[in-house]
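What follows is query27.csv (CSV, C-alpha atoms).
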chain,number,residue,atom,x,y,z
R,1,MET,CA,1.1,36.1,6.9
R,2,GLU,CA,3.7,33.8,5.3
R,3,ASN,CA,3.3,30.1,6.1
R,4,ASN,CA,6.7,28.9,7.1
R,5,THR,CA,5.4,25.4,7.7
R,6,LYS,CA,4.4,24.8,4.0
R,7,VAL,CA,6.7,23.4,1.4
R,8,ILE,CA,6.3,22.7,-2.4
R,9,THR,CA,8.8,20.0,-3.0
R,10,GLY,CA,11.1,19.6,-5.9
R,11,LYS,CA,10.8,16.4,-8.0
R,12,VAL,CA,10.2,13.5,-5.7
R,13,ARG,CA,9.1,9.9,-6.1
R,14,PHE,CA,5.7,8.8,-4.9
R,15,SER,CA,5.5,5.6,-2.9
R,16,TYR,CA,2.7,3.9,-1.0
R,17,ALA,CA,0.4,6.3,-3.0
R,18,ASN,CA,-3.1,6.1,-1.5
R,19,VAL,CA,-4.2,9.3,-3.2
R,20,TRP,CA,-7.5,8.3,-4.9
R,21,GLU,CA,-9.3,6.5,-2.0
R,22,PRO,CA,-8.7,7.1,1.7
R,23,LYS,CA,-7.5,4.1,3.7
R,24,SER,CA,-7.5,3.4,7.4
R,25,ILE,CA,-4.1,2.5,8.9
R,26,ASN,CA,-4.3,0.4,12.1
R,27,GLY,CA,-8.0,1.1,12.5
R,28,GLY,CA,-7.5,4.9,12.6
R,29,ASP,CA,-9.4,7.5,10.6
R,30,GLU,CA,-9.5,7.0,6.8
R,31,LYS,CA,-6.9,9.2,5.2
R,32,TYR,CA,-5.3,9.9,1.8
R,33,SER,CA,-1.5,9.3,2.0
R,34,VAL,CA,1.7,9.1,0.1
R,35,SER,CA,5.3,8.5,1.0
R,36,LEU,CA,7.5,11.2,-0.7
R,37,ILE,CA,11.0,10.0,-1.6
R,38,ILE,CA,13.3,13.0,-1.8
R,39,PRO,CA,16.8,12.6,-3.3
R,40,LYS,CA,19.4,13.7,-0.8
R,41,ALA,CA,21.0,15.6,-3.7
R,42,ASP,CA,17.9,17.9,-3.8
R,43,THR,CA,19.3,20.1,-1.0
R,44,LYS,CA,16.8,22.9,-1.8
R,45,THR,CA,13.8,20.7,-0.9
R,46,VAL,CA,15.6,19.0,2.0
R,47,ASN,CA,16.5,22.4,3.6
R,48,GLU,CA,13.0,23.8,3.0
R,49,VAL,CA,11.6,20.7,4.7
R,50,LYS,CA,14.0,21.0,7.7
R,51,ALA,CA,13.2,24.7,8.1
R,52,ALA,CA,9.4,24.0,7.9
R,53,ILE,CA,9.7,21.3,10.6
R,54,GLU,CA,11.6,23.8,12.8
R,55,ALA,CA,8.9,26.4,12.2
R,56,ALA,CA,6.2,23.8,13.2
R,57,LYS,CA,8.1,23.0,16.4
R,58,GLN,CA,8.1,26.6,17.3
R,59,GLU,CA,4.4,27.0,16.4
R,60,GLY,CA,3.6,23.9,18.4
R,61,LYS,CA,5.4,24.9,21.7
R,62,ALA,CA,2.0,25.5,23.3
R,63,LYS,CA,1.0,21.9,22.5
R,64,PHE,CA,4.2,20.7,24.2
R,65,GLY,CA,3.7,22.7,27.4
R,66,GLY,CA,5.8,25.7,26.3
R,67,ARG,CA,9.0,24.0,25.2
R,68,VAL,CA,10.1,21.7,22.4
R,69,PRO,CA,10.8,18.1,23.8
R,70,ALA,CA,14.3,16.8,22.9
R,71,ASN,CA,13.0,13.4,21.7
R,72,LEU,CA,10.3,14.9,19.4
R,73,LYS,CA,9.2,12.6,16.5
R,74,THR,CA,9.8,14.3,13.2
R,75,PRO,CA,8.5,13.1,9.8
R,76,LEU,CA,11.8,13.5,7.8
R,77,ARG,CA,13.4,10.0,7.7
R,78,ASP,CA,16.6,8.8,6.2
R,79,GLY,CA,16.0,6.0,3.6
R,80,ASP,CA,19.5,4.6,4.0
R,81,VAL,CA,18.9,4.2,7.7
R,82,ASP,CA,15.2,3.3,7.9
R,83,ARG,CA,14.9,1.3,4.6
R,84,PRO,CA,18.4,0.0,4.0
R,85,ASP,CA,17.1,-3.0,1.9
R,86,ASP,CA,14.8,-0.9,-0.3
R,87,GLU,CA,16.6,0.3,-3.5
R,88,ALA,CA,13.9,3.0,-4.1
R,89,TYR,CA,14.9,4.7,-0.8
R,90,LYS,CA,18.7,4.6,-1.4
R,91,ASN,CA,20.4,8.1,-1.1
R,92,SER,CA,17.1,9.6,-0.2
R,93,TYR,CA,15.0,11.0,2.6
R,94,PHE,CA,11.3,10.2,2.8
R,95,ILE,CA,8.3,11.8,4.4
R,96,ASN,CA,4.9,10.2,4.9
R,97,ALA,CA,2.2,12.8,4.2
R,98,ASN,CA,-1.5,12.3,4.8
R,99,SER,CA,-4.8,14.2,4.8
R,100,LYS,CA,-8.5,13.5,5.5
R,101,ASP,CA,-9.2,15.7,2.5
R,102,LYS,CA,-8.6,14.3,-1.0
R,103,PRO,CA,-5.6,16.0,-2.7
R,104,GLN,CA,-6.1,17.6,-6.1
R,105,ILE,CA,-3.9,15.9,-8.6
R,106,VAL,CA,-2.7,17.7,-11.7
R,107,ASP,CA,-0.3,17.0,-14.6
R,108,LYS,CA,2.7,19.1,-15.5
R,109,ASN,CA,0.5,21.6,-17.3
R,110,VAL,CA,-1.6,21.9,-14.1
R,111,LYS,CA,-4.6,20.1,-15.7
R,112,PRO,CA,-6.5,17.7,-13.5
R,113,ILE,CA,-5.6,14.0,-13.8
R,114,LEU,CA,-8.7,11.9,-13.7
R,115,ASP,CA,-7.3,8.5,-14.8
R,116,GLN,CA,-6.3,6.8,-11.6
R,117,SER,CA,-3.7,4.6,-13.3
R,118,GLU,CA,-1.7,7.8,-14.2
R,119,VAL,CA,-0.6,8.4,-10.6
R,120,TYR,CA,0.9,5.4,-8.8
R,121,SER,CA,3.7,4.3,-6.5
R,122,GLY,CA,6.9,4.9,-8.5
R,123,CYS,CA,5.9,7.9,-10.6
R,124,TYR,CA,7.6,11.3,-10.1
R,125,GLY,CA,6.0,14.6,-9.1
R,126,ARG,CA,5.9,17.5,-6.7
R,127,ALA,CA,3.8,17.8,-3.6
R,128,SER,CA,2.5,20.6,-1.4
R,129,ILE,CA,2.9,19.6,2.2
R,130,THR,CA,2.4,21.4,5.5
R,131,PHE,CA,4.1,20.5,8.8
R,132,TYR,CA,2.2,20.8,12.1
R,133,ALA,CA,2.7,19.8,15.8
R,134,PHE,CA,0.7,17.1,17.5
R,135,ASN,CA,0.3,15.9,21.0
R,136,SER,CA,-2.1,13.0,21.4
R,137,ASN,CA,-2.1,10.0,23.7
R,138,GLY,CA,1.3,10.9,25.0
R,139,ASN,CA,2.8,11.0,21.5
R,140,LYS,CA,4.4,14.3,20.7
R,141,GLY,CA,5.8,15.2,17.3
R,142,ILE,CA,5.6,17.0,14.0
R,143,ALA,CA,3.3,15.5,11.3
R,144,CYS,CA,3.1,16.2,7.6
R,145,GLY,CA,-0.2,17.1,6.0
R,146,LEU,CA,-0.7,16.3,2.3
R,147,GLY,CA,-1.9,19.2,0.2
R,148,ASN,CA,-1.9,18.6,-3.6
R,149,LEU,CA,0.1,16.6,-6.0
R,150,GLN,CA,1.5,17.3,-9.5
R,151,LYS,CA,2.7,14.4,-11.6
R,152,LEU,CA,5.8,15.2,-13.6
R,153,ALA,CA,7.0,11.9,-15.0
R,154,ASP,CA,6.4,8.1,-15.1
R,155,GLY,CA,8.7,5.7,-13.2
R,156,ASP,CA,9.0,2.0,-12.6
R,157,ALA,CA,6.0,0.9,-10.4
R,158,LEU,CA,7.0,0.2,-6.8
R,159,SER,CA,4.2,-2.2,-6.3
R,160,GLY,CA,6.2,-5.1,-7.7
R,161,ARG,CA,3.5,-5.4,-10.4
R,162,THR,CA,4.4,-5.2,-14.0
R,163,LYS,CA,2.1,-3.5,-16.5
R,164,ALA,CA,0.4,-6.0,-18.8
R,165,GLU,CA,1.7,-4.2,-21.9
R,166,ASN,CA,5.3,-4.7,-20.7
R,167,GLU,CA,4.7,-8.5,-20.3
R,168,PHE,CA,2.8,-9.4,-23.4
R,169,SER,CA,3.2,-8.8,-27.0
R,170,THR,CA,0.4,-9.1,-29.6
R,171,PHE,CA,-0.6,-12.7,-29.8
R,172,GLU,CA,-1.6,-14.3,-33.1
R,173,ASP,CA,-3.2,-17.7,-32.8
R,174,GLU,CA,-2.1,-19.7,-35.9
R,175,ASP,CA,-4.8,-22.4,-35.2
R,176,PHE,CA,-7.5,-19.8,-35.3
R,177,LEU,CA,-8.6,-20.5,-38.9
R,178,SER,CA,-8.0,-24.3,-39.0

As a first step, turn the structure in this file into structure tokens.
Amino acid sequence: MENNTKVITGKVRFSYANVWEPKSINGGDEKYSVSLIIPKADTKTVNEVKAAIEAAKQEGKAKFGGRVPANLKTPLRDGDVDRPDDEAYKNSYFINANSKDKPQIVDKNVKPILDQSEVYSGCYGRASITFYAFNSNGNKGIACGLGNLQKLADGDALSGRTKAENEFSTFEDEDFLS
């Protein structure tokens, strides 16, 4: 059976990348998570995501009492609308994906990445994500599960932190011998 709710993205930017250690958000279960910034120009990924969300709505009808609610929360958000002051989200959509299971993280040659500094908020890669319906505590919607990640390229870190090697040059202390 083909899974219409699963998508392998094109090249996206990772933001809020908690992919090495699970974190608890607002006291909830600890999860691995990442915000995937999808350029609006990547219509292939955007259309696949929209189709997968629709498939998840249809699969989730039973959870919604047999019909899809009109005001259903969906995970695809518009960066220009929801993050207008954040340059990283300009001309992009974004999806927050999470999982209780640790994602496998590989490089562009599909070799495991073990160095945690290699994958960070701001680098570029692809993600496998799956959409599913939820209905808990009166909240109904479609959520995005995080599968695995593939790093494709470095990018400017979004943490606001600068790498030490970009701030400092080699320092020679002239007074060292005196």

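Ranking R:Asn139, R:Glu48, R:Asp156, R:Tyr120 by their shortest atom-to-atom distance to Pro69 in chain R, with all atoms listed in the file included, puts R:Asn139 first.
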
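The shortest atom-to-atom distance to Lys61 in chain R, with all atoms listed in the file taken into account, belongs to R:Asn135 out of R:Ser99, R:Asn4, R:Asn135, R:Thr9.
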
Show me a table, sorted first by chain and then by increasing residue number, of the residues of range 100-149 of chain R having an atom at most 7 Å from range 17-36 of chain R, each with its shortest atom pair and the distance in Å to one decimal, counting all atoms listed in the file and written as a tab-separated table.
residue	atom	partner	partner_atom	distance
R:Lys100	CA	R:Lys31	CA	4.6
R:Lys102	CA	R:Tyr32	CA	6.2
R:Pro103	CA	R:Val19	CA	6.9
R:Gln116	CA	R:Trp20	CA	7.0
R:Tyr120	CA	R:Ala17	CA	5.9
R:Ser121	CA	R:Ala17	CA	5.2

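Each of R:Leu158, R:Ile142, R:Ala97, R:Leu114 was checked against Lys63 in chain R using only C-alpha atoms; the smallest atom-to-atom distance is that of R:Ile142.
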
**Fill in**
Across R:Val106, R:Ala133, R:Ala127, R:Ala153, the smallest distance to Val68 in chain R, with only C-alpha atoms counted, is shown by R:Ala133

**Request:** Pick out the residues sitting within 10 Å of Gly10 in chain R, and hand them over as a PyMOL selection string; count all atoms listed in the file, and ignore anything fewer than 6 positions along from it in its own chain.
**Result:** chain R and resi 38-39+42-46+124-128

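Rounded to one decimal, CA of Lys90 in chain R and CA of Thr74 in chain R lie 19.7 Å from each other.
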
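Closest approach to Gly138 in chain R from the set R:Glu59, R:Phe64, R:Lys50, R:Arg13 is made by R:Phe64, with distances taken over only C-alpha atoms.
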
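In terms of minimum interatomic distance to Asn96 in chain R, R:Leu76 ranks closest within R:Leu76, R:Leu149, R:Ile53, R:Ile8, counting all atoms listed in the file.
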
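Counting from CA of Asn91 in chain R, the distance to CA of Lys11 in chain R is 14.4 Å.
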
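Here CA of Glu118 in chain R and CA of Asp78 in chain R stand 27.4 Å from one another.
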
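Look at Ile105 in chain R: the protein and nucleic acid residues within 8 Å of it, using only C-alpha atoms and passing over chain neighbours fewer than 5 places away, are Pro112, Ile113, Asn148, Leu149, Gln150 and Lys151 of chain R.
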
Give me range 52-78 of chain R with N, CA, C and O atoms filled in, as an mmCIF file, keeping the file's coordinate frame.
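Everything below was put into rebuild-v1.cif:
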data_model
loop_
_atom_site.group_PDB
_atom_site.id
_atom_site.type_symbol
_atom_site.label_atom_id
_atom_site.label_comp_id
_atom_site.auth_asym_id
_atom_site.auth_seq_id
_atom_site.Cartn_x
_atom_site.Cartn_y
_atom_site.Cartn_z
ATOM 1 N N ALA R 52 10.845 24.054 7.626
ATOM 2 C CA ALA R 52 9.400 24.000 7.900
ATOM 3 C C ALA R 52 9.140 23.170 9.172
ATOM 4 O O ALA R 52 8.248 23.501 9.964
ATOM 5 N N ILE R 53 9.897 22.099 9.373
ATOM 6 C CA ILE R 53 9.700 21.300 10.600
ATOM 7 C C ILE R 53 10.128 22.118 11.814
ATOM 8 O O ILE R 53 9.431 22.096 12.837
ATOM 9 N N GLU R 54 11.212 22.896 11.704
ATOM 10 C CA GLU R 54 11.600 23.800 12.800
ATOM 11 C C GLU R 54 10.516 24.797 13.110
ATOM 12 O O GLU R 54 10.198 25.066 14.268
ATOM 13 N N ALA R 55 9.937 25.391 12.051
ATOM 14 C CA ALA R 55 8.900 26.400 12.200
ATOM 15 C C ALA R 55 7.660 25.718 12.930
ATOM 16 O O ALA R 55 7.038 26.312 13.816
ATOM 17 N N ALA R 56 7.347 24.475 12.542
ATOM 18 C CA ALA R 56 6.200 23.800 13.200
ATOM 19 C C ALA R 56 6.516 23.474 14.639
ATOM 20 O O ALA R 56 5.614 23.531 15.478
ATOM 21 N N LYS R 57 7.769 23.189 14.964
ATOM 22 C CA LYS R 57 8.100 23.000 16.400
ATOM 23 C C LYS R 57 7.886 24.239 17.184
ATOM 24 O O LYS R 57 7.335 24.180 18.284
ATOM 25 N N GLN R 58 8.302 25.386 16.628
ATOM 26 C CA GLN R 58 8.100 26.600 17.300
ATOM 27 C C GLN R 58 6.624 26.968 17.485
ATOM 28 O O GLN R 58 6.173 27.364 18.556
ATOM 29 N N GLU R 59 5.863 26.786 16.390
ATOM 30 C CA GLU R 59 4.400 27.000 16.400
ATOM 31 C C GLU R 59 3.722 26.091 17.416
ATOM 32 O O GLU R 59 2.692 26.422 17.978
ATOM 33 N N GLY R 60 4.288 24.898 17.588
ATOM 34 C CA GLY R 60 3.600 23.900 18.400
ATOM 35 C C GLY R 60 4.028 23.904 19.869
ATOM 36 O O GLY R 60 3.564 23.059 20.642
ATOM 37 N N LYS R 61 4.879 24.849 20.255
ATOM 38 C CA LYS R 61 5.400 24.900 21.700
ATOM 39 C C LYS R 61 4.208 24.825 22.653
ATOM 40 O O LYS R 61 4.321 24.157 23.680
ATOM 41 N N ALA R 62 3.109 25.512 22.352
ATOM 42 C CA ALA R 62 2.000 25.500 23.300
ATOM 43 C C ALA R 62 1.448 24.088 23.492
ATOM 44 O O ALA R 62 1.083 23.714 24.611
ATOM 45 N N LYS R 63 1.437 23.291 22.417
ATOM 46 C CA LYS R 63 1.000 21.900 22.500
ATOM 47 C C LYS R 63 1.933 21.056 23.368
ATOM 48 O O LYS R 63 1.570 20.014 23.876
ATOM 49 N N PHE R 64 3.182 21.493 23.438
ATOM 50 C CA PHE R 64 4.200 20.700 24.200
ATOM 51 C C PHE R 64 4.471 21.303 25.547
ATOM 52 O O PHE R 64 5.515 21.058 26.127
ATOM 53 N N GLY R 65 3.551 22.120 26.066
ATOM 54 C CA GLY R 65 3.700 22.700 27.400
ATOM 55 C C GLY R 65 4.777 23.787 27.439
ATOM 56 O O GLY R 65 5.473 23.960 28.437
ATOM 57 N N GLY R 66 4.918 24.521 26.334
ATOM 58 C CA GLY R 66 5.800 25.700 26.300
ATOM 59 C C GLY R 66 7.206 25.482 25.883
ATOM 60 O O GLY R 66 7.950 26.425 25.697
ATOM 61 N N ARG R 67 7.609 24.210 25.716
ATOM 62 C CA ARG R 67 9.000 24.000 25.200
ATOM 63 C C ARG R 67 8.974 22.784 24.273
ATOM 64 O O ARG R 67 8.127 21.909 24.380
ATOM 65 N N VAL R 68 9.960 22.745 23.407
ATOM 66 C CA VAL R 68 10.100 21.700 22.400
ATOM 67 C C VAL R 68 10.786 20.475 23.090
ATOM 68 O O VAL R 68 11.931 20.624 23.526
ATOM 69 N N PRO R 69 10.139 19.311 23.187
ATOM 70 C CA PRO R 69 10.800 18.100 23.800
ATOM 71 C C PRO R 69 12.020 17.715 22.945
ATOM 72 O O PRO R 69 12.009 17.829 21.723
ATOM 73 N N ALA R 70 13.044 17.218 23.612
ATOM 74 C CA ALA R 70 14.300 16.800 22.900
ATOM 75 C C ALA R 70 14.042 15.608 22.016
ATOM 76 O O ALA R 70 14.639 15.497 20.955
ATOM 77 N N ASN R 71 13.161 14.699 22.436
ATOM 78 C CA ASN R 71 13.000 13.400 21.700
ATOM 79 C C ASN R 71 11.755 13.510 20.770
ATOM 80 O O ASN R 71 11.093 12.507 20.543
ATOM 81 N N LEU R 72 11.474 14.680 20.243
ATOM 82 C CA LEU R 72 10.300 14.900 19.400
ATOM 83 C C LEU R 72 10.365 14.031 18.139
ATOM 84 O O LEU R 72 11.394 13.999 17.483
ATOM 85 N N LYS R 73 9.264 13.359 17.809
ATOM 86 C CA LYS R 73 9.200 12.600 16.500
ATOM 87 C C LYS R 73 9.038 13.584 15.392
ATOM 88 O O LYS R 73 8.160 14.435 15.427
ATOM 89 N N THR R 74 9.890 13.445 14.376
ATOM 90 C CA THR R 74 9.800 14.300 13.200
ATOM 91 C C THR R 74 9.562 13.415 11.960
ATOM 92 O O THR R 74 9.974 12.257 11.944
ATOM 93 N N PRO R 75 8.937 13.965 10.918
ATOM 94 C CA PRO R 75 8.500 13.100 9.800
ATOM 95 C C PRO R 75 9.630 12.899 8.734
ATOM 96 O O PRO R 75 9.473 12.019 7.892
ATOM 97 N N LEU R 76 10.736 13.652 8.773
ATOM 98 C CA LEU R 76 11.800 13.500 7.800
ATOM 99 C C LEU R 76 12.659 12.294 8.171
ATOM 100 O O LEU R 76 13.304 12.327 9.210
ATOM 101 N N ARG R 77 12.648 11.242 7.358
ATOM 102 C CA ARG R 77 13.400 10.000 7.700
ATOM 103 C C ARG R 77 14.438 9.729 6.645
ATOM 104 O O ARG R 77 14.269 10.078 5.484
ATOM 105 N N ASP R 78 15.495 9.078 7.059
ATOM 106 C CA ASP R 78 16.600 8.800 6.200
ATOM 107 C C ASP R 78 16.414 7.371 5.580
ATOM 108 O O ASP R 78 16.414 6.385 6.307
#
